[in-house]
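**Student:** My file is input.cif. It has mmCIF, C-alpha atoms and all ligand atoms:
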```cif
data_protein
loop_
_atom_site.label_atom_id
_atom_site.label_comp_id
_atom_site.auth_asym_id
_atom_site.auth_seq_id
_atom_site.Cartn_x
_atom_site.Cartn_y
_atom_site.Cartn_z
CA MET A 1 0.00 0.00 0.00
CA ILE A 2 1.15 3.53 -0.75
CA HIS A 3 0.61 6.26 1.85
CA SER A 4 0.95 9.89 0.82
CA GLY A 5 1.61 12.97 2.89
CA GLN A 6 2.57 16.60 2.63
CA CYS A 7 3.69 19.45 4.83
CA HIS A 8 1.24 22.15 5.90
CA CYS A 9 1.76 24.33 2.82
CA GLY A 10 2.19 21.40 0.42
CA LYS A 11 5.62 22.26 -0.97
CA LEU A 12 7.14 19.07 0.49
CA THR A 13 5.38 15.82 -0.30
CA ALA A 14 6.29 12.22 0.42
CA SER A 15 4.96 8.81 -0.51
CA PHE A 16 5.61 5.71 1.56
CA GLU A 17 5.10 2.23 0.13
CA THR A 18 4.87 -0.69 2.53
CA GLN A 19 3.39 -4.18 2.60
CA LYS A 20 2.48 -3.77 6.29
CA THR A 21 -0.66 -2.26 7.76
CA PRO A 22 -0.12 0.89 9.87
CA ALA A 23 -0.86 -1.11 13.04
CA ALA A 24 1.61 -3.87 12.12
CA LEU A 25 4.27 -1.33 11.18
CA GLY A 26 3.87 0.71 14.35
CA VAL A 27 4.94 4.28 15.08
CA ARG A 28 7.84 5.62 17.17
CA THR A 29 8.37 8.76 19.22
CA CYS A 30 12.07 9.58 19.42
CA GLN A 31 12.72 11.25 22.77
CA CYS A 32 15.41 13.70 21.59
CA ALA A 33 14.75 17.41 22.15
CA PHE A 34 14.35 18.15 18.44
CA CYS A 35 11.71 15.47 17.86
CA ARG A 36 9.80 16.41 21.00
CA ALA A 37 9.86 20.11 20.03
CA HIS A 38 8.05 19.13 16.84
CA GLY A 39 5.79 16.50 18.43
CA ALA A 40 7.17 14.09 15.84
CA VAL A 41 5.81 10.57 15.40
CA ASN A 42 7.87 8.50 13.00
CA ILE A 43 7.56 5.52 10.70
CA SER A 44 10.00 3.52 8.62
CA ASP A 45 10.11 0.15 6.85
CA PRO A 46 13.42 -1.25 5.59
CA GLN A 47 11.42 -3.39 3.13
CA GLY A 48 9.44 -0.35 1.92
CA VAL A 49 10.19 2.58 -0.36
CA THR A 50 9.90 6.29 0.34
CA THR A 51 9.84 8.97 -2.33
CA ILE A 52 10.32 12.60 -1.34
CA ASP A 53 9.34 15.35 -3.76
CA CYS A 54 10.45 18.92 -3.16
CA ALA A 55 12.57 21.65 -4.68
CA PRO A 56 15.98 22.19 -3.05
CA ALA A 57 15.11 25.86 -2.49
CA ASP A 58 12.03 24.89 -0.47
CA VAL A 59 13.75 22.65 2.07
CA GLU A 60 16.00 23.41 5.03
CA ARG A 61 18.46 20.60 5.84
CA TYR A 62 18.98 21.00 9.58
CA THR A 63 21.71 19.06 11.39
CA PHE A 64 22.66 18.92 15.06
CA ALA A 65 24.53 16.93 17.70
CA LEU A 66 26.36 14.05 15.97
CA ARG A 67 25.37 15.44 12.53
CA THR A 68 24.67 11.96 11.23
CA ALA A 69 21.44 12.86 9.42
CA ASP A 70 19.67 15.83 7.84
CA PHE A 71 16.30 16.84 9.23
CA LEU A 72 14.19 18.17 6.37
CA ILE A 73 12.11 21.20 7.30
CA CYS A 74 9.84 23.12 4.95
CA LYS A 75 11.18 26.65 4.52
CA SER A 76 7.68 28.00 3.99
CA CYS A 77 5.57 26.43 6.73
CA GLY A 78 8.26 25.24 9.17
CA VAL A 79 7.07 21.64 9.34
CA TYR A 80 9.59 18.87 10.07
CA VAL A 81 8.94 16.22 7.42
CA ALA A 82 11.69 13.59 7.47
CA ALA A 83 15.16 12.66 8.69
CA VAL A 84 17.46 11.50 5.89
CA MET A 85 20.87 9.85 5.80
CA GLY A 86 23.17 8.66 3.02
CA GLU A 87 23.71 9.48 -0.63
CA GLY A 88 23.00 8.19 -4.12
CA GLU A 89 21.55 4.67 -4.17
CA LYS A 90 22.00 4.32 -0.42
CA ILE A 91 19.69 6.98 1.01
CA VAL A 92 17.43 6.01 3.92
CA SER A 93 14.85 8.04 5.81
CA THR A 94 12.24 8.07 8.53
CA LEU A 95 9.04 10.05 8.00
CA ASN A 96 7.23 12.22 10.54
CA VAL A 97 3.59 11.25 10.09
CA VAL A 98 2.41 14.24 12.14
CA GLY A 99 4.24 16.77 9.97
CA LEU A 100 3.11 14.97 6.82
CA GLN A 101 -0.51 14.72 8.01
CA MET A 102 -0.61 10.96 7.35
CA LYS A 103 -3.76 10.41 9.40
CA GLU A 104 -3.92 6.64 8.94
CA PHE A 105 -0.95 6.47 11.34
CA PHE A 106 -2.45 8.75 14.01
CA ASP A 107 -4.37 6.35 16.23
CA ILE A 108 -1.65 3.79 16.84
CA ASP A 109 0.10 3.15 20.16
CA GLU A 110 3.37 5.07 20.10
CA ALA A 111 6.62 3.35 21.06
CA PRO A 112 8.89 5.84 22.86
CA MET A 113 12.50 5.45 21.71
CA ASP A 114 15.61 6.79 23.44
CA TYR A 115 18.74 6.61 21.27
CA GLY A 116 20.87 8.82 23.51
CA ALA A 117 23.29 6.05 24.54
CA GLU A 118 24.28 5.11 20.99
CA THR A 119 27.72 5.72 19.58
CA THR A 120 27.95 7.42 16.20
CA ASP A 121 28.69 4.09 14.47
CA GLN A 122 25.78 2.37 16.23
CA ARG A 123 23.44 5.17 15.20
CA ILE A 124 24.43 5.00 11.55
CA ALA A 125 24.20 1.19 11.50
CA ARG A 126 20.75 1.22 13.12
CA ARG A 127 19.40 3.67 10.58
CA TYR A 128 20.64 1.66 7.60
CA THR A 129 18.94 -1.38 9.16
CA LYS A 130 15.65 0.21 10.25
CA TRP A 131 14.96 3.23 8.01
CA THR A 132 13.27 3.17 4.62
CA PRO A 133 15.19 3.10 1.30
CA THR A 134 14.51 6.55 -0.15
CA HIS A 135 14.49 8.34 -3.49
CA PHE A 136 14.28 12.03 -4.27
CA THR A 137 12.48 13.11 -7.42
CA ASN A 138 14.69 16.20 -7.70
CA PRO A 139 18.06 15.23 -9.24
CA ASP A 140 20.02 17.69 -7.10
CA LEU A 141 18.61 16.19 -3.91
CA ALA A 142 19.02 12.66 -5.28
CA ALA A 143 22.72 13.39 -5.71
CA ALA A 144 23.10 15.15 -2.38
CA ASN A 145 24.99 13.92 0.65
CA PHE A 146 22.66 13.71 3.64
CA GLY A 147 25.30 12.91 6.18
CA PRO A 148 27.05 11.77 8.18
CA HIS A 149 28.70 15.17 7.80
ZN ZN B 1 5.46 23.51 3.91
#
```
Would you write the structure of this file as structure tokens?
**Tutor:**
Amino acid sequence: MIHSGQCHCGKLTASFETQKTPAALGVRTCQCAFCRAHGAVNISDPQGVTTIDCAPADVERYTFALRTADFLICKSCGVYVAAVMGEGEKIVSTLNVVGLQMKEFFDIDEAPMDYGAETTDQRIARRYTKWTPTHFTNPDLAAANFGPH
């Protein structure tokens, strides 16, 4: 099944293809200060596919702390949409279903996650294992390096 979402103003859109139902997939609430500031609730499926469509000029690529991923924020409406890591054919991401208004994921028990004890290598390895293989429709973003920086 393909789930679609967009930021508040609609300049950033994402589609998420998965074989799992929303309940079987589950949703996570990362406990870091950035995710809590945005009220983020995240999904990913390493067997799925995410496609992110936006113009480079419309997206802020925010990094912090270990700088191992880019947090994509709409420059127009300020919504946090996705965290992205990697480059080329090896880009992975996790989507924020709240920011993307993906309502079919709203009424699912949230699993709180605390990744604060991870080393940098552990964090990168976990994301490549757990996050969703991701494509950007814009060629400049498809060729971009999304960290680690
Ligand atoms: Zn927006």
**Student:** Return the single residue from A:Gln47, A:Thr132, A:Gln6, A:Gln19 that is closest to ligand ZN 1 (chain B), with distances computed using all atoms listed in the file.
**Tutor:** A:Gln6
**Student:** Which polymer residues, protein or nucleic acid, are no farther than 6 Å from (5.5, 2.6, 18.6), counting all atoms listed in the file, as a VMD selection string?
**Tutor:** chain A and resid 26 to 28 109 to 111
**Student:** So which residues are near ligand ZN 1 (chain B), meaning at most 9 Å away with all atoms listed in the file counted, given back as a PyMOL selection string?
**Tutor:** chain A and resi 6-13+58-59+73-81
**Student:** Those residues you just picked out, can you put them in a file as a compact mmCIF listing (two decimals), in the frame of the given file with C-alpha atoms?
**Tutor:**
```txt
# COMPACT_ATOMS: atom_id res chain seq x y z
CA GLN A 6 2.57 16.60 2.63
CA CYS A 7 3.69 19.45 4.83
CA HIS A 8 1.24 22.15 5.90
CA CYS A 9 1.76 24.33 2.82
CA GLY A 10 2.19 21.40 0.42
CA LYS A 11 5.62 22.26 -0.97
CA LEU A 12 7.14 19.07 0.49
CA THR A 13 5.38 15.82 -0.30
CA ASP A 58 12.03 24.89 -0.47
CA VAL A 59 13.75 22.65 2.07
CA ILE A 73 12.11 21.20 7.30
CA CYS A 74 9.84 23.12 4.95
CA LYS A 75 11.18 26.65 4.52
CA SER A 76 7.68 28.00 3.99
CA CYS A 77 5.57 26.43 6.73
CA GLY A 78 8.26 25.24 9.17
CA VAL A 79 7.07 21.64 9.34
CA TYR A 80 9.59 18.87 10.07
CA VAL A 81 8.94 16.22 7.42
```
**Student:** What are the centre and the three edge lengths of an axis-aligned box that wraps all atoms of range 77-81 of chain A in the file, given that 6 Å is added to every side, written as JSON and rounded to one decimal in Å?
**Tutor:**
```
{"center_x": 7.6, "center_y": 21.3, "center_z": 8.4, "size_x": 16.0, "size_y": 22.2, "size_z": 15.3}
```
**Student:** Between CA of Val98 in chain A and CA of Asp121 in chain A, measure the distance and give it in Å to one decimal.
**Tutor:**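 Going from CA of Val98 in chain A over to CA of Asp121 in chain A covers 28.3 Å.
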**Student:** List the neighbours of Asp45 in chain A out to 12 Å using only C-alpha atoms; skip same-chain residues closer than 5 positions along the sequence, and give me the result as a short mmCIF file (atom, residue, chain, number, x, y, z; two decimals) with C-alpha atoms, in the coordinates of the input.
**Tutor:**
```
data_model
loop_
_atom_site.label_atom_id
_atom_site.label_comp_id
_atom_site.auth_asym_id
_atom_site.auth_seq_id
_atom_site.Cartn_x
_atom_site.Cartn_y
_atom_site.Cartn_z
CA PHE A 16 5.61 5.71 1.56
CA GLU A 17 5.10 2.23 0.13
CA THR A 18 4.87 -0.69 2.53
CA GLN A 19 3.39 -4.18 2.60
CA LYS A 20 2.48 -3.77 6.29
CA THR A 21 -0.66 -2.26 7.76
CA PRO A 22 -0.12 0.89 9.87
CA ALA A 24 1.61 -3.87 12.12
CA LEU A 25 4.27 -1.33 11.18
CA GLY A 26 3.87 0.71 14.35
CA VAL A 27 4.94 4.28 15.08
CA ARG A 28 7.84 5.62 17.17
CA THR A 50 9.90 6.29 0.34
CA VAL A 92 17.43 6.01 3.92
CA SER A 93 14.85 8.04 5.81
CA THR A 94 12.24 8.07 8.53
CA LEU A 95 9.04 10.05 8.00
CA ARG A 127 19.40 3.67 10.58
CA TYR A 128 20.64 1.66 7.60
CA THR A 129 18.94 -1.38 9.16
CA LYS A 130 15.65 0.21 10.25
CA TRP A 131 14.96 3.23 8.01
CA THR A 132 13.27 3.17 4.62
CA PRO A 133 15.19 3.10 1.30
CA THR A 134 14.51 6.55 -0.15
#
```
**Student:** I'd like the interatomic distance between CA of Phe34 in chain A and CA of Leu66 in chain A, to a tenth of an Å.
**Tutor:**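 Rounded to one decimal, the two atoms are 12.9 Å apart.
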**Student:** Which residue out of A:Val49, A:Ala69, A:Ala82, A:Ala14 has the minimum interatomic distance to Met1 in chain A when only C-alpha atoms are used?
**Tutor:**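 With only C-alpha atoms as the atom set, the closest residue is A:Val49.
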**Student:** In Å to one decimal, how far is CA of Glu60 in chain A from CA of Ala117 in chain A?
**Tutor:**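 Separation of CA of Ala117 in chain A and CA of Glu60 in chain A: 27.1 Å.
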**Student:** Return the single residue from A:Val97, A:Phe105, A:Ala40, A:Ile91 that is closest to Asp70 in chain A, with distances computed using all atoms listed in the file.
**Tutor:** A:Ile91
**Student:** Excluding Asp140 in chain A and its own-chain neighbours fewer than 4 positions away, which residues fall within 10 Å of it when counting all atoms listed in the file? Please give them as a PDB file with C-alpha atoms, keeping the file's coordinate frame.
**Tutor:**
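Wrote around-v2.pdb, looks like this:
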```pdb
ATOM      1  CA  ALA A  55      12.570  21.650  -4.680  1.00  0.00           C
ATOM      2  CA  PRO A  56      15.980  22.190  -3.050  1.00  0.00           C
ATOM      3  CA  PHE A 136      14.280  12.030  -4.270  1.00  0.00           C
ATOM      4  CA  ALA A 144      23.100  15.150  -2.380  1.00  0.00           C
ATOM      5  CA  ASN A 145      24.990  13.920   0.650  1.00  0.00           C
TER       6      ASN A 145
END
```
**Student:** Using only C-alpha atoms, determine which residues lie at most 6 Å from Phe71 in chain A, disregarding the query and same-chain residues fewer than 5 positions distant; provide the list as a compact mmCIF listing (two decimals) with C-alpha atoms, keeping the file's coordinate frame.
**Tutor:**
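Okay, part.txt is ready:
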```txt
# COMPACT_ATOMS: atom_id res chain seq x y z
CA ARG A 61 18.46 20.60 5.84
CA TYR A 62 18.98 21.00 9.58
CA ALA A 82 11.69 13.59 7.47
CA ALA A 83 15.16 12.66 8.69
```
